[in-house]
>>> print(open('data-v8.tsv').read())   # TSV, C-alpha atoms
chain	number	residue	atom	x	y	z
A	1	MET	CA	4.60	-126.79	-176.98
A	2	THR	CA	3.28	-130.36	-176.70
A	3	SER	CA	-0.09	-131.42	-178.12
A	4	ARG	CA	-1.24	-132.00	-174.59
A	5	ASN	CA	-0.37	-128.41	-173.63
A	6	LYS	CA	-2.04	-127.14	-176.77
A	7	TYR	CA	-5.21	-129.03	-175.86
A	8	GLN	CA	-5.11	-127.52	-172.37
A	9	GLU	CA	-4.46	-124.04	-173.70
A	10	ALA	CA	-7.27	-124.39	-176.24
A	11	ASN	CA	-9.59	-125.35	-173.39
A	12	GLU	CA	-8.46	-122.46	-171.22
A	13	SER	CA	-9.78	-120.09	-173.84
A	14	ILE	CA	-13.24	-121.64	-173.51
A	15	MET	CA	-14.79	-119.97	-170.51
A	16	LEU	CA	-18.04	-118.54	-169.32
A	17	SER	CA	-18.32	-114.85	-170.03
A	18	GLU	CA	-19.76	-112.63	-167.30
A	19	LYS	CA	-22.84	-112.24	-169.45
A	20	ARG	CA	-23.32	-116.01	-169.65
A	21	LYS	CA	-22.73	-116.36	-165.91
A	22	GLU	CA	-25.39	-113.79	-165.14
A	23	ALA	CA	-27.81	-115.52	-167.53
A	24	ILE	CA	-27.15	-118.86	-165.81
A	25	LEU	CA	-27.59	-117.35	-162.34
A	26	ASP	CA	-30.77	-115.68	-163.39
A	27	ALA	CA	-32.17	-118.90	-164.86
A	28	VAL	CA	-31.16	-121.04	-161.87
A	29	LEU	CA	-32.40	-118.64	-159.22
A	30	THR	CA	-35.74	-118.11	-160.92
A	31	THR	CA	-36.36	-121.82	-161.48
A	32	GLU	CA	-38.61	-123.30	-158.87
A	33	VAL	CA	-36.73	-126.29	-157.54
A	34	ALA	CA	-38.50	-128.80	-155.36
A	35	PRO	CA	-35.76	-130.42	-153.26
A	36	VAL	CA	-35.70	-134.19	-153.33
A	37	ARG	CA	-36.53	-135.55	-149.89
A	38	ARG	CA	-33.96	-138.20	-149.49
A	39	PHE	CA	-35.47	-139.79	-146.43
A	40	SER	CA	-39.20	-139.38	-146.63
A	41	SER	CA	-41.37	-141.01	-143.99
A	42	ARG	CA	-42.58	-143.52	-146.57
A	43	PHE	CA	-39.02	-144.66	-147.26
A	44	HIS	CA	-38.30	-144.56	-143.56
A	45	TRP	CA	-41.06	-147.09	-142.87
A	46	ALA	CA	-40.08	-149.15	-145.91
A	47	GLY	CA	-36.53	-149.26	-144.52
A	48	VAL	CA	-37.80	-150.35	-141.10
A	49	GLY	CA	-39.85	-153.07	-142.82
A	50	VAL	CA	-36.84	-154.36	-144.74
A	51	LEU	CA	-34.70	-154.37	-141.61
A	52	ALA	CA	-37.39	-156.25	-139.70
A	53	ALA	CA	-37.65	-158.84	-142.50
A	54	VAL	CA	-33.86	-159.31	-142.53
A	55	ALA	CA	-33.80	-159.66	-138.73
A	56	LEU	CA	-36.57	-162.28	-138.92
A	57	LEU	CA	-34.65	-164.22	-141.56
A	58	ILE	CA	-31.51	-164.11	-139.41
A	59	VAL	CA	-33.45	-165.48	-136.45
A	60	ILE	CA	-35.66	-167.98	-138.31
A	61	ILE	CA	-33.16	-169.62	-140.67
A	62	PRO	CA	-30.60	-170.70	-138.04
A	63	ALA	CA	-33.49	-171.79	-135.81
A	64	ARG	CA	-34.76	-174.07	-138.56
A	65	PHE	CA	-31.27	-175.48	-139.00
A	66	ARG	CA	-31.05	-176.12	-135.27
A	67	MET	CA	-34.41	-177.85	-135.42
A	68	GLY	CA	-33.16	-179.98	-138.29
A	69	SER	CA	-30.03	-181.03	-136.42
A	70	ALA	CA	-32.12	-181.71	-133.29
A	71	SER	CA	-34.31	-184.12	-135.23
A	72	GLN	CA	-31.19	-185.71	-136.68
A	73	SER	CA	-29.90	-186.43	-133.21
A	74	GLU	CA	-33.03	-188.49	-132.62
A	75	ALA	CA	-32.60	-190.41	-135.86
A	76	PRO	CA	-30.76	-193.73	-136.02
A	77	MET	CA	-26.97	-193.39	-136.22
A	78	GLU	CA	-26.81	-194.82	-139.74
A	79	ALA	CA	-29.29	-192.33	-141.21
A	80	MET	CA	-27.45	-189.50	-139.49
A	81	ALA	CA	-24.15	-190.59	-141.01
A	82	VAL	CA	-25.72	-190.57	-144.50
A	83	ALA	CA	-27.18	-187.11	-143.95
A	84	GLU	CA	-23.87	-185.78	-142.67
A	85	SER	CA	-21.95	-187.21	-145.61
A	86	ALA	CA	-24.46	-185.67	-148.03
A	87	GLU	CA	-24.05	-182.27	-146.36
A	88	TYR	CA	-20.28	-182.61	-146.52
A	89	ASP	CA	-20.33	-183.48	-150.21
A	90	GLU	CA	-22.57	-180.53	-150.99
A	91	ALA	CA	-20.38	-178.06	-149.16
A	92	GLU	CA	-17.15	-179.35	-150.59
A	93	GLU	CA	-18.34	-179.91	-154.14
A	94	PRO	CA	-16.97	-176.69	-155.64
A	95	VAL	CA	-13.55	-177.22	-154.07
A	96	LEU	CA	-13.33	-180.77	-155.33
A	97	SER	CA	-14.47	-179.96	-158.87
A	98	ASP	CA	-12.10	-180.19	-161.81
A	99	ASN	CA	-12.27	-176.48	-162.34
A	100	GLY	CA	-10.05	-175.95	-159.34
A	101	SER	CA	-9.82	-172.70	-157.47
A	102	TYR	CA	-11.62	-170.60	-160.07
A	103	GLU	CA	-14.79	-172.63	-159.75
A	104	ALA	CA	-14.47	-172.84	-156.00
A	105	ALA	CA	-13.98	-169.11	-155.55
A	106	SER	CA	-16.75	-168.15	-157.94
A	107	ALA	CA	-19.10	-170.41	-155.98
A	108	MET	CA	-18.67	-168.03	-153.04
A	109	PRO	CA	-21.33	-165.32	-153.08
A	110	GLY	CA	-20.14	-161.91	-154.21
A	111	ILE	CA	-16.71	-163.06	-155.32
A	112	ALA	CA	-16.14	-163.58	-159.01
A	113	VAL	CA	-12.61	-164.57	-159.88
A	114	LEU	CA	-11.85	-163.74	-163.48
A	115	PRO	CA	-10.08	-166.34	-165.60
A	116	VAL	CA	-6.56	-165.12	-166.28
A	117	PRO	CA	-4.58	-166.74	-169.09
A	118	ASP	CA	-0.96	-167.70	-168.51
A	119	LEU	CA	0.82	-165.70	-171.17
A	120	MET	CA	4.41	-166.56	-170.29
A	121	GLU	CA	4.32	-169.22	-173.02
A	122	PHE	CA	3.19	-166.77	-175.71
A	123	GLU	CA	5.74	-165.77	-178.37
A	124	GLY	CA	8.25	-163.13	-177.29
A	125	VAL	CA	6.79	-162.61	-173.80
A	126	GLN	CA	9.44	-161.66	-171.25
A	127	SER	CA	7.40	-160.81	-168.18
A	128	VAL	CA	3.79	-160.58	-167.07
A	129	ARG	CA	2.58	-158.42	-164.23
A	130	GLU	CA	-0.93	-159.06	-162.90
A	131	LEU	CA	-2.68	-156.05	-161.33
A	132	HIS	CA	-5.94	-156.42	-159.44
A	133	ASN	CA	-7.93	-153.22	-159.76
A	134	GLU	CA	-10.28	-152.02	-157.08
A	135	ASP	CA	-13.31	-152.43	-159.33
A	136	GLY	CA	-12.65	-156.16	-159.65
A	137	SER	CA	-11.08	-156.00	-163.09
A	138	ILE	CA	-7.61	-157.37	-163.74
A	139	THR	CA	-4.89	-155.78	-165.84
A	140	LEU	CA	-2.08	-157.84	-167.31
A	141	ASP	CA	0.96	-155.73	-168.06
A	142	ILE	CA	3.07	-157.73	-170.50
A	143	ASP	CA	6.57	-156.96	-171.69
A	144	THR	CA	7.55	-158.57	-174.98
A	145	ASP	CA	10.59	-158.51	-177.27
A	146	THR	CA	8.93	-155.93	-179.46
A	147	GLY	CA	6.94	-153.80	-177.03
A	148	ARG	CA	4.24	-153.73	-174.42
A	149	ILE	CA	0.85	-155.40	-174.37
A	150	GLU	CA	-1.86	-154.55	-171.87
A	151	ILE	CA	-4.86	-156.79	-171.38
A	152	ASN	CA	-7.77	-155.63	-169.27
A	153	ILE	CA	-10.03	-158.38	-168.07
A	154	CYS	CA	-13.46	-157.61	-166.66
A	155	GLN	CA	-16.96	-158.98	-166.43
A	156	GLU	CA	-18.71	-157.92	-169.61
A	157	ASP	CA	-19.46	-154.25	-169.38
A	158	LEU	CA	-22.91	-153.66	-170.84
A	159	GLU	CA	-21.86	-150.25	-172.03
A	160	SER	CA	-18.93	-151.64	-173.98
A	161	THR	CA	-19.39	-153.33	-177.27
A	162	ASP	CA	-15.82	-153.05	-178.43
A	163	SER	CA	-14.00	-155.65	-176.36
A	164	ASP	CA	-11.54	-157.65	-178.39
A	165	LEU	CA	-12.57	-160.98	-177.00
A	166	VAL	CA	-15.45	-162.24	-174.88
A	167	ILE	CA	-15.30	-165.65	-173.21
A	168	ASP	CA	-18.27	-166.66	-171.07
A	169	GLY	CA	-19.25	-163.07	-170.30
A	170	VAL	CA	-15.72	-162.00	-169.48
A	171	SER	CA	-14.26	-159.28	-171.71
A	172	TYR	CA	-10.63	-159.01	-172.74
A	173	TYR	CA	-9.43	-155.63	-173.97
A	174	ILE	CA	-6.10	-155.89	-175.71
A	175	THR	CA	-3.96	-152.84	-176.32
A	176	SER	CA	-0.36	-152.78	-177.43
A	177	GLU	CA	2.48	-150.40	-178.07
A	178	PRO	CA	3.47	-150.68	-180.92
A	179	LEU	CA	0.13	-151.88	-182.26
A	180	LEU	CA	-0.02	-155.60	-183.00
A	181	SER	CA	-0.56	-156.61	-186.59
A	182	GLU	CA	-3.89	-158.30	-187.37
A	183	GLU	CA	-2.12	-161.62	-187.59
A	184	GLN	CA	-0.37	-161.20	-184.22
A	185	MET	CA	-3.66	-160.11	-182.63
A	186	GLU	CA	-5.42	-163.20	-183.96
A	187	ARG	CA	-2.64	-165.45	-182.63
A	188	LEU	CA	-2.86	-163.77	-179.22
A	189	LYS	CA	-6.64	-164.18	-179.09
A	190	GLU	CA	-6.39	-167.83	-180.06
A	191	PHE	CA	-3.75	-168.32	-177.39
A	192	ILE	CA	-5.96	-166.72	-174.72
A	193	VAL	CA	-8.96	-168.83	-175.73
A	194	ALA	CA	-6.83	-171.99	-175.64
A	195	GLN	CA	-5.40	-171.04	-172.24
A	196	ILE	CA	-8.81	-170.34	-170.70
A	197	GLN	CA	-10.28	-173.53	-172.12
A	198	GLU	CA	-7.34	-175.52	-170.83
A	199	GLU	CA	-7.98	-174.02	-167.39
A	200	GLU	CA	-11.63	-174.98	-167.57
A	201	TYR	CA	-11.30	-178.56	-168.71
B	202	MET	CA	-28.60	-105.32	-151.96
B	203	ALA	CA	-27.95	-108.31	-149.70
B	204	LEU	CA	-27.64	-111.66	-151.46
B	205	SER	CA	-29.57	-114.67	-150.24
B	206	ILE	CA	-27.69	-117.75	-148.95
B	207	LYS	CA	-28.90	-119.70	-151.96
B	208	GLU	CA	-27.61	-117.06	-154.35
B	209	LEU	CA	-24.27	-116.84	-152.56
B	210	ARG	CA	-23.87	-120.60	-152.76
B	211	ILE	CA	-24.73	-120.77	-156.45
B	212	ARG	CA	-22.39	-117.87	-157.22
B	213	ARG	CA	-19.56	-119.57	-155.33
B	214	ILE	CA	-20.12	-122.88	-157.17
B	215	LEU	CA	-20.41	-121.14	-160.52
B	216	ASP	CA	-17.20	-119.18	-159.94
B	217	ARG	CA	-15.36	-122.26	-158.77
B	218	TYR	CA	-16.51	-124.92	-161.25
B	219	GLY	CA	-18.48	-123.06	-163.94
B	220	ASP	CA	-15.65	-122.98	-166.46
B	221	SER	CA	-14.71	-126.66	-165.92
B	222	ILE	CA	-18.30	-127.78	-166.42
B	223	PHE	CA	-18.69	-125.49	-169.44
B	224	ARG	CA	-15.52	-126.91	-171.07
B	225	LEU	CA	-16.56	-130.45	-170.32
B	226	ALA	CA	-19.99	-129.85	-171.85
B	227	CYS	CA	-18.39	-128.14	-174.87
B	228	SER	CA	-16.21	-131.20	-175.41
B	229	TYR	CA	-19.39	-133.29	-175.72
B	230	LEU	CA	-21.69	-130.88	-177.49
B	231	HIS	CA	-19.39	-128.56	-179.50
B	232	ASN	CA	-21.90	-125.84	-178.92
B	233	GLU	CA	-21.67	-123.05	-176.36
B	234	ALA	CA	-25.41	-122.47	-176.03
B	235	ASP	CA	-26.02	-126.16	-175.24
B	236	ALA	CA	-23.01	-126.22	-172.92
B	237	GLN	CA	-24.39	-123.19	-171.08
B	238	GLU	CA	-27.65	-125.06	-170.52
B	239	VAL	CA	-25.73	-128.03	-169.14
B	240	VAL	CA	-24.05	-125.71	-166.59
B	241	GLN	CA	-27.46	-124.30	-165.72
B	242	ASP	CA	-29.07	-127.75	-165.35
B	243	THR	CA	-26.14	-129.00	-163.25
B	244	LEU	CA	-26.73	-126.15	-160.78
B	245	ILE	CA	-30.45	-126.88	-160.72
B	246	GLN	CA	-29.69	-130.52	-159.92
B	247	LEU	CA	-27.43	-129.33	-157.10
B	248	LEU	CA	-30.29	-127.35	-155.61
B	249	ARG	CA	-32.70	-130.23	-156.11
B	250	TYR	CA	-30.57	-132.93	-154.48
B	251	ASP	CA	-28.71	-130.64	-152.07
B	252	PRO	CA	-25.95	-133.19	-151.39
B	253	ASP	CA	-23.78	-132.77	-148.30
B	254	PHE	CA	-20.08	-132.89	-149.18
B	255	HIS	CA	-18.92	-132.23	-145.61
B	256	GLY	CA	-16.67	-129.44	-146.86
B	257	ASP	CA	-14.78	-131.76	-149.22
B	258	THR	CA	-14.22	-129.68	-152.36
B	259	GLN	CA	-12.90	-132.68	-154.33
B	260	LYS	CA	-16.14	-134.53	-153.65
B	261	GLU	CA	-18.10	-131.43	-154.52
B	262	LYS	CA	-16.31	-131.02	-157.85
B	263	GLY	CA	-16.61	-134.76	-158.55
B	264	TRP	CA	-20.38	-134.62	-158.01
B	265	MET	CA	-20.72	-131.57	-160.28
B	266	MET	CA	-18.63	-133.20	-163.03
B	267	LYS	CA	-20.50	-136.50	-162.81
B	268	THR	CA	-23.83	-134.69	-163.07
B	269	ALA	CA	-22.52	-132.62	-165.99
B	270	VAL	CA	-21.32	-135.80	-167.75
B	271	ASN	CA	-24.78	-137.36	-167.42
B	272	LEU	CA	-26.59	-134.23	-168.53
B	273	SER	CA	-24.25	-133.80	-171.51
B	274	ARG	CA	-24.75	-137.42	-172.55
B	275	ASN	CA	-28.53	-137.03	-172.27
B	276	ARG	CA	-28.47	-133.87	-174.32
B	277	LEU	CA	-26.20	-135.45	-176.93
B	278	ARG	CA	-28.58	-138.40	-177.17
B	279	ALA	CA	-31.59	-136.09	-177.52
B	280	LEU	CA	-29.82	-134.02	-180.18
B	281	SER	CA	-28.80	-137.08	-182.19
B	282	ALA	CA	-32.37	-138.37	-181.99
B	283	HIS	CA	-33.63	-135.17	-183.63
B	284	PRO	CA	-31.56	-134.61	-186.76
B	285	SER	CA	-33.27	-131.27	-187.38
B	286	GLU	CA	-31.42	-129.89	-184.36
B	287	GLU	CA	-28.01	-130.47	-185.84
B	288	LEU	CA	-24.90	-130.35	-183.77
B	289	ASN	CA	-23.08	-127.30	-184.97
B	290	ASP	CA	-19.65	-126.47	-183.74
B	291	ASN	CA	-19.74	-122.83	-182.76
B	292	THR	CA	-17.00	-122.80	-180.19
B	293	GLU	CA	-15.20	-120.11	-182.15
B	294	VAL	CA	-13.27	-118.75	-179.20
B	295	ILE	CA	-10.20	-120.82	-180.04
B	296	LYS	CA	-8.58	-118.43	-182.49
B	297	ASP	CA	-5.06	-119.87	-182.72
B	298	PRO	CA	-5.12	-122.38	-185.63
B	299	ASP	CA	-2.49	-124.54	-183.95
B	300	LEU	CA	-4.53	-124.89	-180.76
B	301	ARG	CA	-7.72	-125.33	-182.72
B	302	PHE	CA	-6.16	-128.17	-184.72
B	303	VAL	CA	-5.40	-130.15	-181.55
B	304	TRP	CA	-8.78	-129.32	-179.96
B	305	GLU	CA	-10.59	-130.46	-183.10
B	306	ALA	CA	-8.46	-133.60	-183.31
B	307	VAL	CA	-9.69	-134.57	-179.84
B	308	ASN	CA	-13.22	-133.75	-180.88
B	309	THR	CA	-13.09	-136.11	-183.86
B	310	LEU	CA	-12.76	-139.01	-181.40
B	311	PRO	CA	-15.81	-141.06	-180.40
B	312	VAL	CA	-17.60	-139.62	-177.33
B	313	ARG	CA	-16.32	-142.28	-174.93
B	314	TYR	CA	-12.73	-141.56	-175.93
B	315	ARG	CA	-12.92	-137.81	-175.81
B	316	GLU	CA	-14.55	-137.82	-172.40
B	317	VAL	CA	-11.64	-139.78	-170.92
B	318	ILE	CA	-9.09	-137.61	-172.75
B	319	HIS	CA	-10.76	-134.45	-171.45
B	320	LEU	CA	-11.07	-135.66	-167.86
B	321	PHE	CA	-7.52	-137.05	-167.81
B	322	TYR	CA	-5.57	-134.30	-169.58
B	323	GLN	CA	-7.67	-131.23	-168.96
B	324	GLU	CA	-9.07	-131.92	-165.50
B	325	GLY	CA	-6.17	-134.05	-164.27
B	326	TYR	CA	-8.36	-136.84	-162.89
B	327	SER	CA	-6.90	-140.29	-162.23
B	328	VAL	CA	-8.22	-143.42	-163.95
B	329	LYS	CA	-10.03	-144.35	-160.74
B	330	GLU	CA	-11.72	-140.95	-160.51
B	331	ILE	CA	-12.70	-141.04	-164.19
B	332	ALA	CA	-14.21	-144.49	-163.64
B	333	SER	CA	-16.31	-143.06	-160.83
B	334	ILE	CA	-17.38	-139.99	-162.84
B	335	THR	CA	-18.25	-141.85	-166.04
B	336	GLY	CA	-19.66	-144.95	-164.35
B	337	ARG	CA	-17.27	-147.31	-166.14
B	338	ARG	CA	-14.81	-149.87	-164.89
B	339	GLU	CA	-11.23	-148.81	-164.27
B	340	GLY	CA	-10.01	-151.37	-166.80
B	341	THR	CA	-12.39	-150.00	-169.42
B	342	VAL	CA	-11.26	-146.44	-168.76
B	343	ARG	CA	-7.63	-147.52	-169.05
B	344	SER	CA	-8.38	-149.23	-172.37
B	345	ASP	CA	-10.34	-146.23	-173.65
B	346	LEU	CA	-7.49	-143.93	-172.74
B	347	PHE	CA	-5.01	-146.17	-174.48
B	348	ARG	CA	-7.12	-146.41	-177.63
B	349	ALA	CA	-7.92	-142.70	-177.62
B	350	ARG	CA	-4.21	-141.96	-177.54
B	351	ALA	CA	-3.61	-144.39	-180.40
B	352	ASP	CA	-6.36	-142.68	-182.46
B	353	LEU	CA	-4.99	-139.24	-181.64
B	354	LYS	CA	-1.56	-140.36	-182.73
B	355	GLU	CA	-3.04	-141.22	-186.11
B	356	VAL	CA	-4.75	-137.86	-186.47
B	357	LEU	CA	-1.95	-135.67	-185.15
B	358	LYS	CA	0.87	-137.66	-186.76
B	359	GLU	CA	4.21	-135.88	-186.18
B	360	SER	CA	2.94	-133.40	-183.66
B	361	TYR	CA	1.68	-136.17	-181.39
B	362	ASP	CA	2.82	-136.20	-177.79
B	363	PHE	CA	-0.19	-137.04	-175.63
B	364	GLU	CA	1.48	-139.29	-173.14
B	365	GLU	CA	1.00	-140.06	-169.48
>>> encode(input="data-v8.tsv", output="structure tokens")
Amino acid sequence: MTSRNKYQEANESIMLSEKRKEAILDAVLTTEVAPVRRFSSRFHWAGVGVLAAVALLIVIIPARFRMGSASQSEAPMEAMAVAESAEYDEAEEPVLSDNGSYEAASAMPGIAVLPVPDLMEFEGVQSVRELHNEDGSITLDIDTDTGRIEINICQEDLESTDSDLVIDGVSYYITSEPLLSEEQMERLKEFIVAQIQEEEY
Amino acid sequence: MALSIKELRIRRILDRYGDSIFRLACSYLHNEADAQEVVQDTLIQLLRYDPDFHGDTQKEKGWMMKTAVNLSRNRLRALSAHPSEELNDNTEVIKDPDLRFVWEAVNTLPVRYREVIHLFYQEGYSVKEIASITGRREGTVRSDLFRARADLKEVLKESYDFEE
């Protein structure tokens, strides 16, 4: 029998006796439970207020922009050209920055692109597979001469304090099969740091 | 005597998920009396929030497990904050020494590791589902699972075969 089956079998023997079940039922049914009102009238009106505020913002902000462009049309051509070029520069700035696509994408609201090191140059690496998980984290599945390395990259998880490497709030969890020696782990970490910094500068 | 709708519902839930919740709570608390209270509190939360699962039993079980995870963590925190109420392992029902050895090996792991091991191997949840139940990222769950297996390998030595 495998350890996994033994663990399952051990668990199967842990179960609620009829006596315990009756005690639980008795306790639950005699406890006075006030149901949580999920949509109370107070929240209902708060929700209406929020929606109204959002609707006002949607109407007012474009209107102000339209007013701004209307006044520009009355301005001398030269001033308008300057204003337009300033607007253009502002909008394009992230794309034109040295940080390339990472910077540009992270400038978009709600989208944080995690910095992924290029590990093909690292010692013994044969292939790297990049998996984008639904929660926004990235997993690098790396085949090497001596085994497999998995690196999970995610925005720093407040609950986790055991990430192997943190660079600018991004955590790197490194696991390997067989386990890397301390020296190999240090070399890999240094390589990742160098790769990320190279990407940034 | 006719049973009320509320009682019928609670009985059905208890019959369907009671043992799973009890085992999960035992894996955190190592104590049947505390685990029993977690089952009880989970049912009380169900009555309090009365969530609508639209007949989806997977969702229903997921909600129960998530609530049980949170209640177990709270209880564990409260127990560790009061050293007088020591955690005593009185889950004596596992008689077979071989099974007990593996069960105890899992229970020597840190809480975050043993919760992923339990949910993955005992309950058969996927990494994505565990992430949703424990409120962690999928990548973190994957790492925890990997490290938990590495730790278990150390403890179980030759008899190790916890693999995907």
>>> atom_distance(input="data-v8.tsv", atom1="CA of Asn308 in chain B", atom2="CA of Ile24 in chain A")
25.4 Å
>>> residues_around(input="data-v8.tsv", residues="Leu247 in chain B", least_positions_apart="5", cutoff="12 Å", atoms="all atoms listed in the file", output="PyMOL selection string")
(chain A and resi 28-29+33-36) or (chain B and resi 207+210-211+214-215+240-242+252-254+261-262+264-269)
>>> closest_atom_pairs(input="data-v8.tsv", of="chain A", to="chain B", cutoff="9 Å", atoms="all atoms listed in the file", output="JSON lines")
{"residue": "A:Thr2", "atom": "CA", "partner": "B:Asp362", "partner_atom": "CA", "distance": 6.0}
{"residue": "A:Ser3", "atom": "CA", "partner": "B:Asp362", "partner_atom": "CA", "distance": 5.6}
{"residue": "A:Arg4", "atom": "CA", "partner": "B:Phe363", "partner_atom": "CA", "distance": 5.3}
{"residue": "A:Asn5", "atom": "CA", "partner": "B:Tyr322", "partner_atom": "CA", "distance": 8.8}
{"residue": "A:Lys6", "atom": "CA", "partner": "B:Leu300", "partner_atom": "CA", "distance": 5.2}
{"residue": "A:Tyr7", "atom": "CA", "partner": "B:Trp304", "partner_atom": "CA", "distance": 5.4}
{"residue": "A:Gln8", "atom": "CA", "partner": "B:Gln323", "partner_atom": "CA", "distance": 5.7}
{"residue": "A:Glu9", "atom": "CA", "partner": "B:Leu300", "partner_atom": "CA", "distance": 7.1}
{"residue": "A:Ala10", "atom": "CA", "partner": "B:Leu300", "partner_atom": "CA", "distance": 5.3}
{"residue": "A:Asn11", "atom": "CA", "partner": "B:Arg224", "partner_atom": "CA", "distance": 6.6}
{"residue": "A:Glu12", "atom": "CA", "partner": "B:Arg224", "partner_atom": "CA", "distance": 8.3}
{"residue": "A:Ser13", "atom": "CA", "partner": "B:Ile295", "partner_atom": "CA", "distance": 6.3}
{"residue": "A:Ile14", "atom": "CA", "partner": "B:Arg224", "partner_atom": "CA", "distance": 6.2}
{"residue": "A:Met15", "atom": "CA", "partner": "B:Asp220", "partner_atom": "CA", "distance": 5.1}
{"residue": "A:Leu16", "atom": "CA", "partner": "B:Asp220", "partner_atom": "CA", "distance": 5.8}
{"residue": "A:Arg20", "atom": "CA", "partner": "B:Gln237", "partner_atom": "CA", "distance": 7.4}
{"residue": "A:Lys21", "atom": "CA", "partner": "B:Leu215", "partner_atom": "CA", "distance": 7.6}
{"residue": "A:Ala23", "atom": "CA", "partner": "B:Gln241", "partner_atom": "CA", "distance": 9.0}
{"residue": "A:Ile24", "atom": "CA", "partner": "B:Gln241", "partner_atom": "CA", "distance": 5.4}
{"residue": "A:Leu25", "atom": "CA", "partner": "B:Arg212", "partner_atom": "CA", "distance": 7.3}
{"residue": "A:Ala27", "atom": "CA", "partner": "B:Gln241", "partner_atom": "CA", "distance": 7.2}
{"residue": "A:Val28", "atom": "CA", "partner": "B:Ile245", "partner_atom": "CA", "distance": 6.0}
{"residue": "A:Leu29", "atom": "CA", "partner": "B:Glu208", "partner_atom": "CA", "distance": 7.0}
{"residue": "A:Thr31", "atom": "CA", "partner": "B:Ile245", "partner_atom": "CA", "distance": 7.8}
{"residue": "A:Val33", "atom": "CA", "partner": "B:Arg249", "partner_atom": "CA", "distance": 5.8}
{"residue": "A:Ala34", "atom": "CA", "partner": "B:Arg249", "partner_atom": "CA", "distance": 6.0}
{"residue": "A:Pro35", "atom": "CA", "partner": "B:Arg249", "partner_atom": "CA", "distance": 4.2}
{"residue": "A:Val36", "atom": "CA", "partner": "B:Tyr250", "partner_atom": "CA", "distance": 5.4}
{"residue": "A:Arg37", "atom": "CA", "partner": "B:Tyr250", "partner_atom": "CA", "distance": 8.0}
{"residue": "A:Arg38", "atom": "CA", "partner": "B:Tyr250", "partner_atom": "CA", "distance": 8.0}
{"residue": "A:Asn133", "atom": "CA", "partner": "B:Glu339", "partner_atom": "CA", "distance": 7.1}
{"residue": "A:Glu134", "atom": "CA", "partner": "B:Glu339", "partner_atom": "CA", "distance": 7.9}
{"residue": "A:Asp135", "atom": "CA", "partner": "B:Arg338", "partner_atom": "CA", "distance": 6.3}
{"residue": "A:Gly136", "atom": "CA", "partner": "B:Arg338", "partner_atom": "CA", "distance": 8.5}
{"residue": "A:Ser137", "atom": "CA", "partner": "B:Gly340", "partner_atom": "CA", "distance": 6.0}
{"residue": "A:Ile138", "atom": "CA", "partner": "B:Gly340", "partner_atom": "CA", "distance": 7.2}
{"residue": "A:Thr139", "atom": "CA", "partner": "B:Gly340", "partner_atom": "CA", "distance": 6.8}
{"residue": "A:Glu150", "atom": "CA", "partner": "B:Ser344", "partner_atom": "CA", "distance": 8.4}
{"residue": "A:Ile151", "atom": "CA", "partner": "B:Ser344", "partner_atom": "CA", "distance": 8.4}
{"residue": "A:Asn152", "atom": "CA", "partner": "B:Gly340", "partner_atom": "CA", "distance": 5.4}
{"residue": "A:Ile153", "atom": "CA", "partner": "B:Gly340", "partner_atom": "CA", "distance": 7.1}
{"residue": "A:Cys154", "atom": "CA", "partner": "B:Gly340", "partner_atom": "CA", "distance": 7.1}
{"residue": "A:Asp157", "atom": "CA", "partner": "B:Arg338", "partner_atom": "CA", "distance": 7.8}
{"residue": "A:Glu159", "atom": "CA", "partner": "B:Arg337", "partner_atom": "CA", "distance": 8.0}
{"residue": "A:Ser160", "atom": "CA", "partner": "B:Thr341", "partner_atom": "CA", "distance": 8.1}
{"residue": "A:Tyr173", "atom": "CA", "partner": "B:Ser344", "partner_atom": "CA", "distance": 6.7}
{"residue": "A:Ile174", "atom": "CA", "partner": "B:Ser344", "partner_atom": "CA", "distance": 7.8}
{"residue": "A:Thr175", "atom": "CA", "partner": "B:Ser344", "partner_atom": "CA", "distance": 6.9}
{"residue": "A:Ser176", "atom": "CA", "partner": "B:Phe347", "partner_atom": "CA", "distance": 8.6}
{"residue": "A:Glu177", "atom": "CA", "partner": "B:Ala351", "partner_atom": "CA", "distance": 8.9}
{"residue": "A:Leu179", "atom": "CA", "partner": "B:Ala351", "partner_atom": "CA", "distance": 8.6}
>>> closest_residue(input="data-v8.tsv", among="A:Met1, A:Leu57, A:Ile149, A:Val170", to="Pro115 in chain A", atoms="only C-alpha atoms")
A:Val170
>>> atom_distance(input="data-v8.tsv", atom1="CA of Asp352 in chain B", atom2="CA of Leu180 in chain A")
14.4 Å
>>> atom_distance(input="data-v8.tsv", atom1="CA of Arg276 in chain B", atom2="CA of Glu330 in chain B")
22.8 Å
>>> residues_around(input="data-v8.tsv", residues="Gln126 in chain A", least_positions_apart="4", cutoff="8 Å", atoms="only C-alpha atoms", output="ChimeraX atom specification")
/A:120,142-145
>>> closest_residue(input="data-v8.tsv", among="B:Gln259, B:Asn275, B:Ser327, B:Ser205", to="Leu230 in chain B", atoms="only C-alpha atoms")
B:Asn275
>>> axis_aligned_box(input="data-v8.tsv", around="range 16-27 of chain A", padding_each_side="5 Å", output="lines of an AutoDock Vina configuration file")
center_x = -25.1
center_y = -115.6
center_z = -166.2
size_x = 24.1
size_y = 16.7
size_z = 17.7
>>> closest_residue(input="data-v8.tsv", among="B:Tyr229, B:Arg274, B:Ala349, B:Gly263", to="Tyr326 in chain B", atoms="all atoms listed in the file")
B:Gly263
>>> residues_around(input="data-v8.tsv", residues="Leu188 in chain A", least_positions_apart="3", cutoff="12 Å", atoms="all atoms listed in the file", output="PyMOL selection string")
chain A and resi 117-125+149-151+164-165+172-176+180-185+191-195
>>> decode(input="data-v8.tsv", residues="range 53-57 of chain A", atoms="C-alpha atoms", output="compact mmCIF listing (two decimals), in the first residue's frame")
# COMPACT_ATOMS: atom_id res chain seq x y z
CA ALA A 53 -21.94 58.73 -8.43
CA VAL A 54 -20.33 56.47 -11.05
CA ALA A 55 -22.93 57.50 -13.65
CA LEU A 56 -22.26 61.18 -12.87
CA LEU A 57 -18.52 60.64 -13.27
